[in-house]
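Trainee: Dropping a structure here in structure tokens format, bear with me for questions.
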Amino acid sequence: MENKINRINGIIENMTVDAEELKVHIGKTVRIHGSIYKIRKMSDFAFVLLRTKRTVVQCVYAKEFSNFELDELAEESCVIVTAEVIQEERAKVGYELRMIEVDILSEPSEVSPIVMNQKKVDTSLENLLDYRPVTLRNEKERAIFKLQEGIAAGFRQFLMSNGFTEIHSPKIVAEGAEGGANIFKLDYFGKEAYLAQSPQFYKQMMVGVFERVFEISSVFRAEKHDTSRHLNEYTGVDFEMGYISDFTEIMEMETAMLKNTMKYLEEKYALELALLKLKLPEIEEIPSVKFIDAKQMVSEAYNREIRDYEDFEPEEEKLLCELIQKKTGSEFVFVTHYPSKKRPFYAMENPENIEETLSFDLLFRGLEITTGGQRIHNYEMQLEKMRKRGMKQEHFEGYLMAHKYGLPPHGGLGLGLERFTAKLLGFENVRNATLFPRDINRLVP
């Protein structure tokens, strides 16, 4: 009996055209696939909106050229449409698709309880998230996450062009990088383990290998906060850079990264920017102010008593951003030299004042989106700070190994991708910019 072997050669043949290519096919008959987004019945014809992977394409049904019944179509059916691309000046894109044939690939078994084919999904945030697999099909909801893809791609492109190596660190760890109680515990084959709060330890280790590294991945915080700004799993954009002479070099790198990413979005994601009616912030430079000076500025400008000298209150973040924008025009501000008590054990202290650290937060439109700073690279100095905090050296042997065998002066930062996206789009709740949020109340879908 003859054996039949199929050979896969990696040659991909597109049986349908992409929506972005339709303009070059004017005057031709094409096949295009997608989902029926909306049907608008008129007196003797109908507009059939086809949702493709990035855009919604307007098709026209009429008995004079369509060889099927309109009633065969149902919203959210997945189809392949055979259509003629006709130049039409009245159409927004300059052409329309006259439907000739349709192949129905699948049909919904139920009508969605949420109407999601309008300009906006008119429902509560709770419903928006409960029915996420469906509500994300809305053109604008989907555009949020296409734009978020662009933000991450812009960061990645910038960092790789500036000598950073992308790494992928473990998410099951033996110790928490940030310490405290906000850490998820796991039973790891009879041993106690945790979900990573950040890739901090591994970033620092890899500075000794690649000098400059970055990672874009999930991080986990077991914080019992139920606020508009907190998530228990979010996407961290982390980078670490070695051979720095001053922690302000990290701030300069982030400023350049943000500037370049805004240009990247303008070039590559104009479609989503237009759909969301988003004007990107202009970044020339970002002002910087010391922590204590920022607290005093807010106190004086808004006649507020300073209640906490170790950290910023959310309201103070908002007021500082308002003040800085009035003074400088910038929607961003770096706040530097946070008190040592509020920074992790690896934060380097200011040699001129050991009560404060060579660290910073970046605030954007009233919210902290980044925390960063210079790290301790000297082995004995790191041990001494850990002893002062009552930390056990044996719990951090892997991390300290990098210090013991030599690390360059280094520092880095972590940026919350969802927070940044939310603020960029003007959302008050970070969940609007989170694909499938995980918070203290939500584990599904």
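By order in the structure tokens, chains are A, B, ...; within a chain, residues start at 1; ligands start at 1, following the order shown.
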Residues near Thr248 in chain A, anyone? I mean within 10 Å using only C-alpha atoms, not counting same-chain ones fewer than 2 positions away, as a VMD selection string.

Mentor: chain A and resid 244 to 246 250 to 254 288 336 358 to 360 373 to 374 411

Trainee: I want to know what sits within 9 Å of Ile151 in chain A, based on only C-alpha atoms, with residues of the same chain fewer than 5 positions away left out; could you give that as a list of chain:residue names?

Mentor: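 So the residues in contact are A:Lys146, A:Arg156, A:Thr261, A:Met262, A:Tyr264, A:Leu265, A:Leu417, A:Thr421.
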
Trainee: Residues as selected, C-alpha atoms, written as a JSON list (two decimals), in the first residue's frame, can you do that?

Mentor:
```json
[["chain", "number", "residue", "atom", "x", "y", "z"],
["A", 146, "LYS", "CA", -5.02, 47.52, 19.14],
["A", 156, "ARG", "CA", 9.93, 47.39, 22.22],
["A", 261, "THR", "CA", 6.42, 55.79, 21.05],
["A", 262, "MET", "CA", 4.07, 58.72, 20.43],
["A", 264, "TYR", "CA", 5.34, 55.39, 16.38],
["A", 265, "LEU", "CA", 1.61, 55.48, 17.17],
["A", 417, "LEU", "CA", 0.88, 49.30, 30.58],
["A", 421, "THR", "CA", -3.19, 53.22, 28.24]]
```

Trainee: Could you write out, as a list in words, all the residues of range 326-402 of chain A that DSSP marks as strand (DSSP E or B)?

Mentor: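 These are the residues in question: Phe332, Val333, Phe334, Val335, Thr336, Pro339, Ala347, Glu349, Asn350, Asn353, Ile354, Glu355, Glu356, Thr357, Ser359, Phe360, Asp361, Leu362, Leu363, Phe364, Leu367, Glu368, Ile369, Thr370, Thr371, Gly372, Gly373, Gln374 and Arg375 of chain A.
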
Trainee: Any chance you could list, as JSON, numbers by chain, the residues in range 250-417 of chain A that come up helix (DSSP H, G or I) when DSSP is run on the backbone?

Mentor: {"A": [250, 251, 252, 253, 254, 255, 256, 257, 258, 259, 260, 261, 262, 263, 264, 265, 266, 267, 268, 270, 271, 272, 273, 274, 275, 291, 292, 293, 294, 295, 296, 297, 298, 299, 300, 301, 302, 314, 315, 316, 317, 318, 319, 320, 321, 322, 323, 324, 325, 326, 327, 328, 340, 341, 342, 379, 380, 381, 382, 383, 384, 385, 386, 387, 388, 393, 394, 395, 396, 397, 398, 399, 400, 401, 402, 403, 404, 417]}

Trainee: Using only C-alpha atoms, which of the listed residues (A:Ala153, A:Leu276, A:Met160, A:Val173) sits closest to Leu195 in chain A?

Mentor: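 Between A:Ala153, A:Leu276, A:Met160, A:Val173, the residue approaching Leu195 in chain A most closely is A:Val173.
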
Trainee: Taking into account only C-alpha atoms, which residue in the set A:Glu72, A:Glu96, A:Glu349, A:Glu272 is nearest to Leu425 in chain A?

Mentor: A:Glu272

Trainee: Do you know which residues are at most 12 Å from range 318-320 of chain A counting only C-alpha atoms, after dropping those on the same chain fewer than 5 positions away, and could you put them as JSON, numbers by chain?

Mentor: {"A": [287, 288, 289, 290, 291, 293, 294, 295, 296, 297, 298, 299, 300, 301, 302, 303, 304, 312, 313, 325, 326, 327, 328, 330, 331, 332, 333, 334, 335, 362, 363, 364, 365, 366, 367, 368]}

Trainee: Looking at A:Glu141, A:Glu76, A:Glu84, A:Asp130, which one is nearest to Thr29 in chain A, with distances taken over only C-alpha atoms?

Mentor: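 Selected residue with least distance to Thr29 in chain A: A:Glu84.
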
Trainee: Set the distance at 9 Å and use only C-alpha atoms: which residues neighbour Leu275 in chain A once local chain neighbours fewer than 6 positions away are removed? I'd like the list as a PDB file with N, CA and C atoms, in the first residue's frame.

Mentor:
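Below is the file that was written, selection_11.pdb:
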```pdb
ATOM      1  N   GLU A 139     -16.300  48.150  17.694  1.00  0.00           N
ATOM      2  CA  GLU A 139     -15.186  48.743  16.956  1.00  0.00           C
ATOM      3  C   GLU A 139     -14.268  49.580  17.845  1.00  0.00           C
ATOM      4  N   LYS A 140     -14.845  50.383  18.730  1.00  0.00           N
ATOM      5  CA  LYS A 140     -14.025  51.248  19.580  1.00  0.00           C
ATOM      6  C   LYS A 140     -13.383  50.477  20.726  1.00  0.00           C
ATOM      7  N   ALA A 143     -10.456  48.820  19.361  1.00  0.00           N
ATOM      8  CA  ALA A 143      -9.389  49.765  19.015  1.00  0.00           C
ATOM      9  C   ALA A 143      -8.510  50.100  20.219  1.00  0.00           C
TER      10      ALA A 143
END
```

Trainee: Give me the residues within 10 Å of Leu435 in chain A as a list in words, counting only C-alpha atoms and dropping any in the same chain fewer than 3 places off.

Mentor: Leu129, Arg132, Pro133, Leu136, Glu141, Arg142, Ile144, Phe145, Gln148, Tyr234, Glu418, Arg431, Asn432 and Arg438 of chain A

Trainee: Kindly save the residues from that selection, with N, CA and C atoms included, as a PDB file, in the first residue's frame.

Mentor:
```
ATOM      1  N   LEU A 129     -17.454  44.173  31.255  1.00  0.00           N
ATOM      2  CA  LEU A 129     -16.448  43.178  31.618  1.00  0.00           C
ATOM      3  C   LEU A 129     -17.036  41.772  31.703  1.00  0.00           C
ATOM      4  N   ARG A 132     -17.192  40.355  28.216  1.00  0.00           N
ATOM      5  CA  ARG A 132     -15.989  40.819  27.508  1.00  0.00           C
ATOM      6  C   ARG A 132     -15.762  40.135  26.152  1.00  0.00           C
ATOM      7  N   PRO A 133     -15.934  38.813  26.020  1.00  0.00           N
ATOM      8  CA  PRO A 133     -15.679  38.195  24.713  1.00  0.00           C
ATOM      9  C   PRO A 133     -16.552  38.770  23.600  1.00  0.00           C
ATOM     10  N   LEU A 136     -15.897  43.223  23.387  1.00  0.00           N
ATOM     11  CA  LEU A 136     -14.639  43.585  22.725  1.00  0.00           C
ATOM     12  C   LEU A 136     -14.771  43.612  21.206  1.00  0.00           C
ATOM     13  N   GLU A 141     -14.136  49.533  21.320  1.00  0.00           N
ATOM     14  CA  GLU A 141     -13.547  48.718  22.386  1.00  0.00           C
ATOM     15  C   GLU A 141     -12.332  47.963  21.858  1.00  0.00           C
ATOM     16  N   ARG A 142     -12.468  47.414  20.673  1.00  0.00           N
ATOM     17  CA  ARG A 142     -11.365  46.673  20.064  1.00  0.00           C
ATOM     18  C   ARG A 142     -10.173  47.590  19.780  1.00  0.00           C
ATOM     19  N   ILE A 144      -9.095  50.066  21.429  1.00  0.00           N
ATOM     20  CA  ILE A 144      -8.312  50.339  22.643  1.00  0.00           C
ATOM     21  C   ILE A 144      -7.125  49.384  22.726  1.00  0.00           C
ATOM     22  N   PHE A 145      -7.390  48.118  22.445  1.00  0.00           N
ATOM     23  CA  PHE A 145      -6.359  47.109  22.644  1.00  0.00           C
ATOM     24  C   PHE A 145      -5.444  46.965  21.430  1.00  0.00           C
ATOM     25  N   GLN A 148      -3.125  49.628  22.396  1.00  0.00           N
ATOM     26  CA  GLN A 148      -2.239  49.135  23.457  1.00  0.00           C
ATOM     27  C   GLN A 148      -1.138  48.259  22.879  1.00  0.00           C
ATOM     28  N   TYR A 234      -1.299  42.735  36.166  1.00  0.00           N
ATOM     29  CA  TYR A 234      -1.206  43.746  35.115  1.00  0.00           C
ATOM     30  C   TYR A 234       0.042  43.503  34.284  1.00  0.00           C
ATOM     31  N   GLU A 418      -1.386  49.035  31.432  1.00  0.00           N
ATOM     32  CA  GLU A 418      -2.815  49.333  31.473  1.00  0.00           C
ATOM     33  C   GLU A 418      -3.081  50.732  32.039  1.00  0.00           C
ATOM     34  N   ARG A 431      -9.603  49.407  34.441  1.00  0.00           N
ATOM     35  CA  ARG A 431     -10.219  48.206  33.860  1.00  0.00           C
ATOM     36  C   ARG A 431     -10.702  48.430  32.427  1.00  0.00           C
ATOM     37  N   ASN A 432     -11.012  49.685  32.084  1.00  0.00           N
ATOM     38  CA  ASN A 432     -11.398  49.981  30.711  1.00  0.00           C
ATOM     39  C   ASN A 432     -10.265  49.704  29.726  1.00  0.00           C
ATOM     40  N   ARG A 438      -8.192  41.295  36.299  1.00  0.00           N
ATOM     41  CA  ARG A 438      -8.142  40.456  37.502  1.00  0.00           C
ATOM     42  C   ARG A 438      -8.001  41.384  38.697  1.00  0.00           C
TER      43      ARG A 438
END
```

Trainee: Between CA of Ile26 in chain A and CA of Gly94 in chain A, what distance in Å does the model show, to one decimal?

Mentor: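 Between CA of Ile26 in chain A and CA of Gly94 in chain A the gap is 9.6 Å.
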
Trainee: Which residues are close to range 210-227 of chain A, i.e. within 6 Å by only C-alpha atoms, leaving aside same-chain residues fewer than 2 positions away? Reply as an MDAnalysis selection string.

Mentor: chainID A and resid 164:167 182:184 196:198 206:208 229:230 232:242

Trainee: To one decimal in Å, tell me the separation between CA of Thr255 in chain A and CA of Glu316 in chain A.

Mentor: 22.5 Å

Trainee: Calculated over only C-alpha atoms, which of the candidates A:Glu175, A:Ile100, A:Tyr37, A:Ala152 has the smallest distance to Val115 in chain A?

Mentor: A:Tyr37

Trainee: Pick out the residues sitting within 9 Å of Tyr95 in chain A, and hand them over as a list in words; count only C-alpha atoms, and ignore anything fewer than 5 positions along from it in its own chain.

Mentor: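 Result of the neighbour search: Leu22, Lys23, Ile26, Gln58, Val85, Ile86, Gln87, Glu88, Glu89 and Arg90 of chain A.
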
Trainee: With N, CA and C atoms kept, could you save the residues just selected as a PDB file, in the first residue's frame?

Mentor:
```pdb
ATOM      1  N   LEU A  22      -8.256  46.758  -0.120  1.00  0.00           N
ATOM      2  CA  LEU A  22      -9.405  46.866  -1.022  1.00  0.00           C
ATOM      3  C   LEU A  22      -9.262  47.987  -2.050  1.00  0.00           C
ATOM      4  N   LYS A  23      -8.617  49.082  -1.650  1.00  0.00           N
ATOM      5  CA  LYS A  23      -8.525  50.229  -2.554  1.00  0.00           C
ATOM      6  C   LYS A  23      -7.813  49.884  -3.853  1.00  0.00           C
ATOM      7  N   ILE A  26     -10.198  48.185  -6.795  1.00  0.00           N
ATOM      8  CA  ILE A  26     -11.373  48.851  -7.377  1.00  0.00           C
ATOM      9  C   ILE A  26     -11.565  48.381  -8.813  1.00  0.00           C
ATOM     10  N   GLN A  58     -17.936  48.574   4.693  1.00  0.00           N
ATOM     11  CA  GLN A  58     -19.331  48.719   4.282  1.00  0.00           C
ATOM     12  C   GLN A  58     -19.593  47.975   2.978  1.00  0.00           C
ATOM     13  N   VAL A  85     -15.671  45.476  -6.019  1.00  0.00           N
ATOM     14  CA  VAL A  85     -15.225  46.725  -5.399  1.00  0.00           C
ATOM     15  C   VAL A  85     -15.506  47.859  -6.380  1.00  0.00           C
ATOM     16  N   ILE A  86     -16.440  48.734  -6.010  1.00  0.00           N
ATOM     17  CA  ILE A  86     -16.895  49.804  -6.890  1.00  0.00           C
ATOM     18  C   ILE A  86     -16.470  51.158  -6.337  1.00  0.00           C
ATOM     19  N   GLN A  87     -15.914  51.990  -7.198  1.00  0.00           N
ATOM     20  CA  GLN A  87     -15.559  53.346  -6.768  1.00  0.00           C
ATOM     21  C   GLN A  87     -16.831  54.106  -6.418  1.00  0.00           C
ATOM     22  N   GLU A  88     -16.841  54.726  -5.266  1.00  0.00           N
ATOM     23  CA  GLU A  88     -18.010  55.463  -4.799  1.00  0.00           C
ATOM     24  C   GLU A  88     -17.532  56.673  -3.999  1.00  0.00           C
ATOM     25  N   GLU A  89     -17.606  57.846  -4.627  1.00  0.00           N
ATOM     26  CA  GLU A  89     -17.080  59.059  -4.012  1.00  0.00           C
ATOM     27  C   GLU A  89     -17.837  59.432  -2.735  1.00  0.00           C
ATOM     28  N   ARG A  90     -19.114  59.038  -2.673  1.00  0.00           N
ATOM     29  CA  ARG A  90     -19.903  59.389  -1.484  1.00  0.00           C
ATOM     30  C   ARG A  90     -19.510  58.568  -0.259  1.00  0.00           C
TER      31      ARG A  90
END
```

Trainee: Quick check, in Å to one decimal: how far apart do CA of Tyr338 in chain A and CA of Ala402 in chain A lie?

Mentor: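 Computing the Euclidean distance for CA of Tyr338 in chain A and CA of Ala402 in chain A yields 25.7 Å.
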